[in-house]
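Report on one structure; see the data block that follows.
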Amino acid sequence: MSAVTGSATTPVAPARPGPAGGGGLPRLLPPAGLAADLAADLAAGLAAHLGRHGPVPYRDATRALIADVRAAGLTGRGGAAFPAYRKLEAVAAARPGRAVVAGNGAEGEPASHKDEALLTLAPHLVLDGLQLAAEAVGAGRAILYVRRDVLRRTQIETRISERPATGLDRVPVRVIPAPGRFLAGQESALSSLVSGAAAVPRFTPPPVFERGVDGRPTLVQNVETLAHLALVARYGPAWFRGLGTLSEPGTMLCTLRQADGSVTVVEAAIGTPLAALLDLRAASAVLVGGYHGAWIPARQATRLTLSNAALRPLGGFLGAGVLAALPAGRCGLAEAARVARYLARESAGQCGPCRNALPAIAAAMTELAGPRPGPRVIADLTRWAGLVEGRGACHHPDGTVRFLRSALLVFADEVREHERGRCTGPGGRPFLPVPAGPAARDGGDGDDDDGT
Amino acid sequence: MTSTLRVNPIACSGHGLCAELLPELIALDEWGYPVIADGPVPAGLTRQARRAVTDCPALALALAPEPEPGRAAPIRPGTGRSGS
């Protein structure tokens, strides 16, 4: 194991030599052999982390880290891919000590498990990133927002409590359980819950970086973004750009759902061929970007890379790194209909257009997924999609419409089969994971209710 | 200075009064919620637009200044579901 050697030979520029083990993969996750040990023994994590990456590289000044984050080209890994430095700069403009930093691990996307994997295997990288981001923006408080079932499995509160004894942390970290809802991680929903209200999106402006938690400027970053930030702080922007593409540097965590049903979380360089991540021979279509993402025919996916630049022309985006290879012989319309019903249930119900149109869309998709749908179903779907788009306080209707339109396009042949009363995968088992009902993900494994 | 009409979709409860006062720019969807025409409010309709704003029972309608062309778009992060 190379975890405790290397990197100390040239002490001139301690932030530059790269981690023990060099500049390759994995960066965020521990090396494969160690990963299994860590998953079995979470308490071994802090010593392994310090051995591999050393102490938290504080700059002893606000803003000092922001130029490095900008030069690295780090973008948000929660789905929006927004440049991380711009949010840091906006929040750093607040009066010192006033701002709040929130690590977002809500992971409301049912098909995504990468935040949980990161919090299991490299929690201290996330916690370092939270501290470094707090220093960079001059925040006096930090929040870690994680689903209750994930809190228990990752024992993240114990991981936090190990740290002050070693002098790693400078601002207190408060853990806030996130509801197991699709929209709970939307940043105004996070801000709303932490401020004592319901975890539902708010109508912006003002954005949370101006007025977020308790009315304070709030930096909300996905936990993976914070972990990357902790590496950029140690090894520098040039090292960070050693993997990935020029316009989309670095690595990202992906949740891969293969056609055979197996699910893994991997760290991949942006720009990696999708065919190197997914076995596409047994697949008919690939869902990229999760349930607000888009379907792409498998034969097209074989020519694509893991990047927004490659996916954008096809209406896709990386989102939070969900990639699912639908097995040939499954009905894509049945999958899309089940997800559409889930997305309709997960509407916060605050905005009329979303509250009314999403159930109508879900019902029409359900009809389309069955035998001999009515002649007006496609026209209804198209009209409602156009009607609801851009008319919500958050992007839930827009993401739902993106998913739906790509399904209608990619599964157009299947629509014609259904019109003739036939189906590619009649009565097949569901492929994409969908929680049974509202809040099912909170208590789905026997957890207590959400009585906070 | 031109203005555009904006609906706060959370506050809007679908009274539909705005569409009666300003049918030139506001239609109702099949559930009674307003659909606003794209673009700035034409000068000739400014008065009616102000009336629609002040008469909205839910105070959900606003006239917002139109950003000048060429001006940098305001920072708008945060569309990610699990953070960004």
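Each chain in the structure tokens gets a letter, A, B and so on, in the order shown; residues start at 1 in every chain, and ligands are counted from 1 in the order they appear.
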
Requested in this report: Quick one: pick out all strand (DSSP E) residues within region 20-64 of chain B from a backbone DSSP run and write them as a ChimeraX atom specification.
Outcome: /B:26-28,34-36,61-64

Which residues come within 6 Å of Leu63 (chain B), counting only C-alpha atoms, excluding same-chain residues fewer than 3 positions away, as a PDB file with all heavy atoms, in the first residue's frame?
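Output (part_37.pdb):
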ATOM      1  N   SER B   3     -40.124  46.934 -18.705  1.00  0.00           N
ATOM      2  CA  SER B   3     -40.361  45.985 -17.614  1.00  0.00           C
ATOM      3  C   SER B   3     -40.941  44.693 -18.167  1.00  0.00           C
ATOM      4  O   SER B   3     -41.524  44.666 -19.247  1.00  0.00           O
ATOM      5  CB  SER B   3     -41.359  46.583 -16.616  1.00  0.00           C
ATOM      6  OG  SER B   3     -40.896  47.815 -16.132  1.00  0.00           O
ATOM      7  N   THR B   4     -40.769  43.636 -17.390  1.00  0.00           N
ATOM      8  CA  THR B   4     -41.440  42.379 -17.739  1.00  0.00           C
ATOM      9  C   THR B   4     -42.321  41.953 -16.573  1.00  0.00           C
ATOM     10  O   THR B   4     -42.050  42.280 -15.423  1.00  0.00           O
ATOM     11  CB  THR B   4     -40.434  41.243 -18.018  1.00  0.00           C
ATOM     12  OG1 THR B   4     -39.504  41.201 -16.948  1.00  0.00           O
ATOM     13  CG2 THR B   4     -39.699  41.440 -19.309  1.00  0.00           C
ATOM     14  N   LEU B   5     -43.367  41.203 -16.901  1.00  0.00           N
ATOM     15  CA  LEU B   5     -44.251  40.681 -15.869  1.00  0.00           C
ATOM     16  C   LEU B   5     -43.704  39.359 -15.363  1.00  0.00           C
ATOM     17  O   LEU B   5     -43.278  38.506 -16.150  1.00  0.00           O
ATOM     18  CB  LEU B   5     -45.652  40.454 -16.451  1.00  0.00           C
ATOM     19  CG  LEU B   5     -46.529  41.693 -16.576  1.00  0.00           C
ATOM     20  CD1 LEU B   5     -47.724  41.388 -17.475  1.00  0.00           C
ATOM     21  CD2 LEU B   5     -46.992  42.189 -15.209  1.00  0.00           C
TER      22      LEU B   5
END

Report task. Write out as a PyMOL selection string each polymer residue whose atoms come within 7 Å of Ile176 (chain A), counting only C-alpha atoms; drop sequence neighbours fewer than 2 positions from it. Result -> chain A and resi 143-146+174+178

Contacts of region 229-236 of chain A within 10 Å, only C-alpha atoms, excl. fewer than 4 positions in-chain, as an mmCIF file with all heavy atoms, in the first residue's frame:
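What follows is the written file result-v9.cif:
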data_model
loop_
_atom_site.group_PDB
_atom_site.id
_atom_site.type_symbol
_atom_site.label_atom_id
_atom_site.label_comp_id
_atom_site.auth_asym_id
_atom_site.auth_seq_id
_atom_site.Cartn_x
_atom_site.Cartn_y
_atom_site.Cartn_z
ATOM 1 N N ALA A 13 7.670 23.113 -2.137
ATOM 2 C CA ALA A 13 6.300 23.555 -2.408
ATOM 3 C C ALA A 13 5.338 22.477 -1.930
ATOM 4 O O ALA A 13 4.880 21.662 -2.710
ATOM 5 C CB ALA A 13 6.127 23.812 -3.902
ATOM 6 N N PRO A 14 5.049 22.484 -0.649
ATOM 7 C CA PRO A 14 4.290 21.367 -0.079
ATOM 8 C C PRO A 14 2.904 21.183 -0.684
ATOM 9 O O PRO A 14 2.371 20.080 -0.637
ATOM 10 C CB PRO A 14 4.185 21.729 1.409
ATOM 11 C CG PRO A 14 4.541 23.178 1.495
ATOM 12 C CD PRO A 14 5.428 23.477 0.343
ATOM 13 N N ALA A 15 2.356 22.216 -1.302
ATOM 14 C CA ALA A 15 1.014 22.059 -1.841
ATOM 15 C C ALA A 15 1.015 21.414 -3.217
ATOM 16 O O ALA A 15 -0.024 21.182 -3.783
ATOM 17 C CB ALA A 15 0.310 23.401 -1.910
ATOM 18 N N ARG A 16 2.166 21.144 -3.805
ATOM 19 C CA ARG A 16 2.187 20.764 -5.208
ATOM 20 C C ARG A 16 2.498 19.301 -5.573
ATOM 21 O O ARG A 16 2.094 18.861 -6.636
ATOM 22 C CB ARG A 16 3.176 21.671 -5.976
ATOM 23 C CG ARG A 16 2.735 23.137 -5.996
ATOM 24 C CD ARG A 16 1.372 23.297 -6.673
ATOM 25 N NE ARG A 16 0.946 24.685 -6.704
ATOM 26 C CZ ARG A 16 0.131 25.216 -5.791
ATOM 27 N NH1 ARG A 16 -0.327 24.486 -4.802
ATOM 28 N NH2 ARG A 16 -0.229 26.477 -5.871
ATOM 29 N N PRO A 17 3.218 18.547 -4.767
ATOM 30 C CA PRO A 17 3.714 17.277 -5.317
ATOM 31 C C PRO A 17 2.645 16.238 -5.630
ATOM 32 O O PRO A 17 2.940 15.294 -6.343
ATOM 33 C CB PRO A 17 4.627 16.739 -4.201
ATOM 34 C CG PRO A 17 4.857 17.871 -3.275
ATOM 35 C CD PRO A 17 3.690 18.762 -3.412
ATOM 36 N N GLY A 18 1.454 16.383 -5.170
ATOM 37 C CA GLY A 18 0.444 15.366 -5.436
ATOM 38 C C GLY A 18 0.400 14.367 -4.303
ATOM 39 O O GLY A 18 1.335 14.255 -3.520
ATOM 40 N N PRO A 19 -0.687 13.646 -4.216
ATOM 41 C CA PRO A 19 -0.860 12.723 -3.094
ATOM 42 C C PRO A 19 0.054 11.524 -3.222
ATOM 43 O O PRO A 19 0.565 11.242 -4.305
ATOM 44 C CB PRO A 19 -2.319 12.302 -3.226
ATOM 45 C CG PRO A 19 -2.611 12.437 -4.680
ATOM 46 C CD PRO A 19 -1.774 13.569 -5.170
ATOM 47 N N GLY A 23 -0.689 10.975 -9.484
ATOM 48 C CA GLY A 23 -1.803 11.770 -9.993
ATOM 49 C C GLY A 23 -2.900 10.949 -10.630
ATOM 50 O O GLY A 23 -3.795 11.499 -11.248
ATOM 51 N N ARG A 27 -8.780 9.427 -6.857
ATOM 52 C CA ARG A 27 -8.329 10.583 -6.098
ATOM 53 C C ARG A 27 -9.122 10.721 -4.806
ATOM 54 O O ARG A 27 -8.558 10.885 -3.729
ATOM 55 C CB ARG A 27 -8.533 11.855 -6.925
ATOM 56 C CG ARG A 27 -7.602 12.001 -8.081
ATOM 57 C CD ARG A 27 -7.984 13.223 -8.882
ATOM 58 N NE ARG A 27 -6.887 13.612 -9.769
ATOM 59 C CZ ARG A 27 -6.924 14.685 -10.523
ATOM 60 N NH1 ARG A 27 -7.977 15.485 -10.495
ATOM 61 N NH2 ARG A 27 -5.909 14.979 -11.301
ATOM 62 N N LEU A 28 -10.434 10.715 -4.971
ATOM 63 C CA LEU A 28 -11.311 10.941 -3.809
ATOM 64 C C LEU A 28 -11.413 9.690 -2.966
ATOM 65 O O LEU A 28 -11.360 9.729 -1.746
ATOM 66 C CB LEU A 28 -12.720 11.329 -4.270
ATOM 67 C CG LEU A 28 -12.876 12.611 -5.078
ATOM 68 C CD1 LEU A 28 -14.304 12.718 -5.589
ATOM 69 C CD2 LEU A 28 -12.548 13.814 -4.217
ATOM 70 N N HIS A 53 -3.124 12.010 2.986
ATOM 71 C CA HIS A 53 -3.240 13.408 2.541
ATOM 72 C C HIS A 53 -2.637 14.428 3.507
ATOM 73 O O HIS A 53 -2.548 15.606 3.169
ATOM 74 C CB HIS A 53 -4.708 13.764 2.317
ATOM 75 C CG HIS A 53 -5.355 12.984 1.213
ATOM 76 N ND1 HIS A 53 -4.949 13.060 -0.094
ATOM 77 C CD2 HIS A 53 -6.372 12.076 1.231
ATOM 78 C CE1 HIS A 53 -5.693 12.259 -0.846
ATOM 79 N NE2 HIS A 53 -6.563 11.646 -0.069
ATOM 80 N N GLY A 54 -2.275 14.027 4.719
ATOM 81 C CA GLY A 54 -1.713 14.988 5.669
ATOM 82 C C GLY A 54 -2.775 15.893 6.272
ATOM 83 O O GLY A 54 -3.971 15.728 6.003
ATOM 84 N N PRO A 55 -2.353 16.875 7.094
ATOM 85 C CA PRO A 55 -3.315 17.717 7.808
ATOM 86 C C PRO A 55 -4.063 18.675 6.872
ATOM 87 O O PRO A 55 -3.727 18.794 5.696
ATOM 88 C CB PRO A 55 -2.434 18.503 8.778
ATOM 89 C CG PRO A 55 -1.073 18.480 8.172
ATOM 90 C CD PRO A 55 -0.969 17.193 7.418
ATOM 91 N N VAL A 56 -5.059 19.345 7.409
ATOM 92 C CA VAL A 56 -5.841 20.294 6.612
ATOM 93 C C VAL A 56 -4.965 21.501 6.251
ATOM 94 O O VAL A 56 -4.424 22.149 7.146
ATOM 95 C CB VAL A 56 -7.082 20.776 7.402
ATOM 96 C CG1 VAL A 56 -7.953 21.652 6.520
ATOM 97 C CG2 VAL A 56 -7.878 19.583 7.924
ATOM 98 N N PRO A 57 -4.795 21.787 4.960
ATOM 99 C CA PRO A 57 -3.897 22.880 4.567
ATOM 100 C C PRO A 57 -4.550 24.255 4.651
ATOM 101 O O PRO A 57 -4.848 24.879 3.628
ATOM 102 C CB PRO A 57 -3.536 22.521 3.120
ATOM 103 C CG PRO A 57 -4.740 21.800 2.617
ATOM 104 C CD PRO A 57 -5.345 21.087 3.796
ATOM 105 N N TYR A 58 -4.786 24.727 5.877
ATOM 106 C CA TYR A 58 -5.382 26.056 6.037
ATOM 107 C C TYR A 58 -4.475 27.108 5.427
ATOM 108 O O TYR A 58 -3.248 26.984 5.444
ATOM 109 C CB TYR A 58 -5.609 26.357 7.522
ATOM 110 C CG TYR A 58 -6.754 25.558 8.115
ATOM 111 C CD1 TYR A 58 -6.504 24.509 9.006
ATOM 112 C CD2 TYR A 58 -8.077 25.836 7.783
ATOM 113 C CE1 TYR A 58 -7.538 23.770 9.547
ATOM 114 C CE2 TYR A 58 -9.118 25.096 8.321
ATOM 115 C CZ TYR A 58 -8.848 24.062 9.204
ATOM 116 O OH TYR A 58 -9.867 23.329 9.731
ATOM 117 N N ARG A 59 -5.088 28.178 4.906
ATOM 118 C CA ARG A 59 -4.314 29.286 4.323
ATOM 119 C C ARG A 59 -4.163 30.443 5.302
ATOM 120 O O ARG A 59 -3.481 31.418 5.002
ATOM 121 C CB ARG A 59 -4.986 29.796 3.040
ATOM 122 C CG ARG A 59 -5.160 28.747 1.955
ATOM 123 C CD ARG A 59 -3.807 28.357 1.355
ATOM 124 N NE ARG A 59 -3.919 27.137 0.567
ATOM 125 C CZ ARG A 59 -4.084 27.124 -0.761
ATOM 126 N NH1 ARG A 59 -4.178 28.243 -1.417
ATOM 127 N NH2 ARG A 59 -4.160 25.979 -1.405
ATOM 128 N N ALA A 64 -8.141 33.202 0.190
ATOM 129 C CA ALA A 64 -6.861 32.781 -0.384
ATOM 130 C C ALA A 64 -7.015 31.568 -1.293
ATOM 131 O O ALA A 64 -6.320 31.441 -2.296
ATOM 132 C CB ALA A 64 -5.864 32.488 0.731
ATOM 133 N N LEU A 65 -7.937 30.691 -0.960
ATOM 134 C CA LEU A 65 -8.097 29.451 -1.717
ATOM 135 C C LEU A 65 -8.890 29.654 -3.015
ATOM 136 O O LEU A 65 -8.820 28.834 -3.935
ATOM 137 C CB LEU A 65 -8.820 28.423 -0.822
ATOM 138 C CG LEU A 65 -9.040 27.012 -1.344
ATOM 139 C CD1 LEU A 65 -7.722 26.356 -1.729
ATOM 140 C CD2 LEU A 65 -9.756 26.175 -0.291
ATOM 141 N N ILE A 66 -9.631 30.757 -3.080
ATOM 142 C CA ILE A 66 -10.594 30.900 -4.185
ATOM 143 C C ILE A 66 -9.896 30.952 -5.546
ATOM 144 O O ILE A 66 -10.370 30.362 -6.519
ATOM 145 C CB ILE A 66 -11.504 32.130 -3.957
ATOM 146 C CG1 ILE A 66 -12.288 31.954 -2.650
ATOM 147 C CG2 ILE A 66 -12.461 32.310 -5.128
ATOM 148 C CD1 ILE A 66 -13.197 33.114 -2.289
ATOM 149 N N ASP A 68 -7.209 29.438 -6.442
ATOM 150 C CA ASP A 68 -6.831 28.073 -6.823
ATOM 151 C C ASP A 68 -8.042 27.287 -7.327
ATOM 152 O O ASP A 68 -7.940 26.523 -8.291
ATOM 153 C CB ASP A 68 -6.211 27.323 -5.625
ATOM 154 C CG ASP A 68 -4.733 27.655 -5.454
ATOM 155 O OD1 ASP A 68 -4.186 28.396 -6.308
ATOM 156 O OD2 ASP A 68 -4.138 27.179 -4.468
ATOM 157 N N VAL A 69 -9.175 27.470 -6.658
ATOM 158 C CA VAL A 69 -10.395 26.763 -7.079
ATOM 159 C C VAL A 69 -10.798 27.228 -8.478
ATOM 160 O O VAL A 69 -11.193 26.427 -9.338
ATOM 161 C CB VAL A 69 -11.534 26.999 -6.065
ATOM 162 C CG1 VAL A 69 -12.860 26.449 -6.574
ATOM 163 C CG2 VAL A 69 -11.181 26.363 -4.723
ATOM 164 N N ALA A 71 -8.689 28.517 -10.783
ATOM 165 C CA ALA A 71 -7.700 28.024 -11.745
ATOM 166 C C ALA A 71 -7.886 26.531 -12.023
ATOM 167 O O ALA A 71 -7.635 26.052 -13.133
ATOM 168 C CB ALA A 71 -6.290 28.293 -11.228
ATOM 169 N N ALA A 72 -8.344 25.804 -11.008
ATOM 170 C CA ALA A 72 -8.566 24.368 -11.182
ATOM 171 C C ALA A 72 -9.752 24.093 -12.106
ATOM 172 O O ALA A 72 -9.837 23.045 -12.728
ATOM 173 C CB ALA A 72 -8.809 23.706 -9.821
ATOM 174 N N LEU A 74 -12.842 23.814 -11.013
ATOM 175 C CA LEU A 74 -13.751 22.912 -10.294
ATOM 176 C C LEU A 74 -15.193 23.405 -10.419
ATOM 177 O O LEU A 74 -15.475 24.582 -10.205
ATOM 178 C CB LEU A 74 -13.349 22.853 -8.812
ATOM 179 C CG LEU A 74 -14.273 22.066 -7.881
ATOM 180 C CD1 LEU A 74 -14.341 20.594 -8.274
ATOM 181 C CD2 LEU A 74 -13.819 22.216 -6.423
ATOM 182 N N THR A 75 -16.080 22.476 -10.781
ATOM 183 C CA THR A 75 -17.503 22.807 -10.867
ATOM 184 C C THR A 75 -18.287 21.947 -9.883
ATOM 185 O O THR A 75 -17.806 20.919 -9.415
ATOM 186 C CB THR A 75 -18.046 22.546 -12.284
ATOM 187 O OG1 THR A 75 -17.769 21.195 -12.630
ATOM 188 C CG2 THR A 75 -17.415 23.472 -13.298
ATOM 189 N N ALA A 84 -17.418 26.468 -9.044
ATOM 190 C CA ALA A 84 -17.411 26.546 -7.581
ATOM 191 C C ALA A 84 -16.887 27.898 -7.100
ATOM 192 O O ALA A 84 -17.374 28.439 -6.105
ATOM 193 C CB ALA A 84 -16.573 25.408 -7.009
ATOM 194 N N HIS A 124 -13.433 12.163 5.722
ATOM 195 C CA HIS A 124 -12.562 13.236 6.196
ATOM 196 C C HIS A 124 -12.150 14.190 5.081
ATOM 197 O O HIS A 124 -11.836 15.345 5.340
ATOM 198 C CB HIS A 124 -11.351 12.647 6.919
ATOM 199 C CG HIS A 124 -11.760 11.933 8.168
ATOM 200 N ND1 HIS A 124 -12.245 12.611 9.270
ATOM 201 C CD2 HIS A 124 -11.837 10.618 8.466
ATOM 202 C CE1 HIS A 124 -12.573 11.728 10.207
ATOM 203 N NE2 HIS A 124 -12.340 10.517 9.752
ATOM 204 N N LEU A 125 -12.174 13.707 3.867
ATOM 205 C CA LEU A 125 -11.925 14.618 2.752
ATOM 206 C C LEU A 125 -13.077 15.620 2.637
ATOM 207 O O LEU A 125 -12.865 16.809 2.388
ATOM 208 C CB LEU A 125 -11.789 13.792 1.460
ATOM 209 C CG LEU A 125 -10.795 14.254 0.395
ATOM 210 C CD1 LEU A 125 -9.464 14.677 0.985
ATOM 211 C CD2 LEU A 125 -10.611 13.152 -0.631
ATOM 212 N N VAL A 126 -14.306 15.133 2.822
ATOM 213 C CA VAL A 126 -15.473 16.021 2.802
ATOM 214 C C VAL A 126 -15.389 17.018 3.965
ATOM 215 O O VAL A 126 -15.601 18.227 3.788
ATOM 216 C CB VAL A 126 -16.781 15.213 2.902
ATOM 217 C CG1 VAL A 126 -17.983 16.140 3.020
ATOM 218 C CG2 VAL A 126 -16.923 14.280 1.707
ATOM 219 N N LEU A 127 -15.037 16.521 5.143
ATOM 220 C CA LEU A 127 -14.994 17.387 6.321
ATOM 221 C C LEU A 127 -13.847 18.403 6.204
ATOM 222 O O LEU A 127 -13.996 19.553 6.613
ATOM 223 C CB LEU A 127 -14.850 16.534 7.591
ATOM 224 C CG LEU A 127 -16.058 15.614 7.851
ATOM 225 C CD1 LEU A 127 -15.767 14.621 8.977
ATOM 226 C CD2 LEU A 127 -17.313 16.429 8.184
ATOM 227 N N ASP A 128 -12.721 17.999 5.622
ATOM 228 C CA ASP A 128 -11.643 18.958 5.337
ATOM 229 C C ASP A 128 -12.148 20.048 4.396
ATOM 230 O O ASP A 128 -11.884 21.240 4.596
ATOM 231 C CB ASP A 128 -10.457 18.262 4.648
ATOM 232 C CG ASP A 128 -9.662 17.354 5.569
ATOM 233 O OD1 ASP A 128 -9.981 17.285 6.773
ATOM 234 O OD2 ASP A 128 -8.721 16.688 5.066
ATOM 235 N N GLY A 129 -12.848 19.634 3.346
ATOM 236 C CA GLY A 129 -13.351 20.582 2.364
ATOM 237 C C GLY A 129 -14.331 21.562 2.976
ATOM 238 O O GLY A 129 -14.332 22.753 2.636
ATOM 239 N N LEU A 130 -15.140 21.073 3.901
ATOM 240 C CA LEU A 130 -16.101 21.940 4.596
ATOM 241 C C LEU A 130 -15.341 23.013 5.388
ATOM 242 O O LEU A 130 -15.685 24.199 5.352
ATOM 243 C CB LEU A 130 -16.948 21.061 5.520
ATOM 244 C CG LEU A 130 -18.286 21.557 6.031
ATOM 245 C CD1 LEU A 130 -19.194 21.984 4.890
ATOM 246 C CD2 LEU A 130 -18.964 20.459 6.862
ATOM 247 N N GLN A 131 -14.295 22.607 6.084
ATOM 248 C CA GLN A 131 -13.498 23.553 6.870
ATOM 249 C C GLN A 131 -12.771 24.557 5.969
ATOM 250 O O GLN A 131 -12.725 25.754 6.254
ATOM 251 C CB GLN A 131 -12.469 22.786 7.720
ATOM 252 C CG GLN A 131 -13.078 21.927 8.808
ATOM 253 C CD GLN A 131 -13.747 22.749 9.899
ATOM 254 O OE1 GLN A 131 -13.322 23.858 10.224
ATOM 255 N NE2 GLN A 131 -14.820 22.214 10.471
ATOM 256 N N LEU A 132 -12.199 24.047 4.883
ATOM 257 C CA LEU A 132 -11.445 24.928 3.978
ATOM 258 C C LEU A 132 -12.368 25.920 3.276
ATOM 259 O O LEU A 132 -12.018 27.086 3.087
ATOM 260 C CB LEU A 132 -10.679 24.083 2.951
ATOM 261 C CG LEU A 132 -9.491 23.311 3.532
ATOM 262 C CD1 LEU A 132 -9.049 22.217 2.568
ATOM 263 C CD2 LEU A 132 -8.332 24.259 3.856
ATOM 264 N N ALA A 133 -13.567 25.458 2.903
ATOM 265 C CA ALA A 133 -14.536 26.359 2.279
ATOM 266 C C ALA A 133 -14.979 27.412 3.292
ATOM 267 O O ALA A 133 -15.127 28.594 2.956
ATOM 268 C CB ALA A 133 -15.734 25.572 1.757
ATOM 269 N N VAL A 223 -21.256 17.514 -1.323
ATOM 270 C CA VAL A 223 -20.149 16.944 -0.548
ATOM 271 C C VAL A 223 -18.975 16.517 -1.449
ATOM 272 O O VAL A 223 -17.808 16.636 -1.048
ATOM 273 C CB VAL A 223 -20.613 15.753 0.334
ATOM 274 C CG1 VAL A 223 -21.476 16.257 1.486
ATOM 275 C CG2 VAL A 223 -21.337 14.697 -0.468
ATOM 276 N N GLU A 224 -19.275 16.055 -2.653
ATOM 277 C CA GLU A 224 -18.168 15.667 -3.544
ATOM 278 C C GLU A 224 -17.371 16.900 -3.981
ATOM 279 O O GLU A 224 -16.138 16.846 -4.092
ATOM 280 C CB GLU A 224 -18.702 14.918 -4.774
ATOM 281 C CG GLU A 224 -17.573 14.418 -5.673
ATOM 282 C CD GLU A 224 -18.045 13.929 -7.036
ATOM 283 O OE1 GLU A 224 -19.235 13.558 -7.180
ATOM 284 O OE2 GLU A 224 -17.220 13.924 -7.960
ATOM 285 N N THR A 225 -18.060 18.010 -4.243
ATOM 286 C CA THR A 225 -17.366 19.237 -4.601
ATOM 287 C C THR A 225 -16.406 19.644 -3.486
ATOM 288 O O THR A 225 -15.270 20.057 -3.742
ATOM 289 C CB THR A 225 -18.390 20.370 -4.835
ATOM 290 O OG1 THR A 225 -19.463 19.865 -5.624
ATOM 291 C CG2 THR A 225 -17.750 21.559 -5.534
ATOM 292 N N PHE A 240 -4.932 19.120 -10.307
ATOM 293 C CA PHE A 240 -6.354 18.814 -10.516
ATOM 294 C C PHE A 240 -6.644 18.643 -11.997
ATOM 295 O O PHE A 240 -7.396 17.755 -12.410
ATOM 296 C CB PHE A 240 -7.229 19.929 -9.924
ATOM 297 C CG PHE A 240 -8.705 19.662 -10.014
ATOM 298 C CD1 PHE A 240 -9.317 18.804 -9.117
ATOM 299 C CD2 PHE A 240 -9.484 20.246 -11.009
ATOM 300 C CE1 PHE A 240 -10.683 18.530 -9.198
ATOM 301 C CE2 PHE A 240 -10.843 19.972 -11.100
ATOM 302 C CZ PHE A 240 -11.435 19.116 -10.187
ATOM 303 N N ARG A 241 -6.031 19.497 -12.820
ATOM 304 C CA ARG A 241 -6.271 19.453 -14.269
ATOM 305 C C ARG A 241 -5.519 18.329 -14.967
ATOM 306 O O ARG A 241 -5.648 18.162 -16.183
ATOM 307 C CB ARG A 241 -5.891 20.801 -14.892
ATOM 308 C CG ARG A 241 -6.881 21.911 -14.567
ATOM 309 C CD ARG A 241 -6.472 23.222 -15.217
ATOM 310 N NE ARG A 241 -7.530 24.220 -15.144
ATOM 311 C CZ ARG A 241 -8.528 24.324 -16.014
ATOM 312 N NH1 ARG A 241 -8.590 23.495 -17.027
ATOM 313 N NH2 ARG A 241 -9.471 25.237 -15.852
#

Query raised in the report: Which residue gives the smallest distance to chain A among B:Leu61, B:Val35, B:Leu17, B:Ala27, with only C-alpha atoms counted?
Result: B:Val35

Requested in this report: Name all residues at most 6 Å from region 134-140 of chain A (count only C-alpha atoms; drop same-chain ones fewer than 2 positions away) and give them as a list in words.
Outcome: Thr62, Arg63, Leu65, Val91, Ala92, Pro96, Gly97, Arg98, Ala99, Val100, Val101, Gln131 and Leu132 of chain A
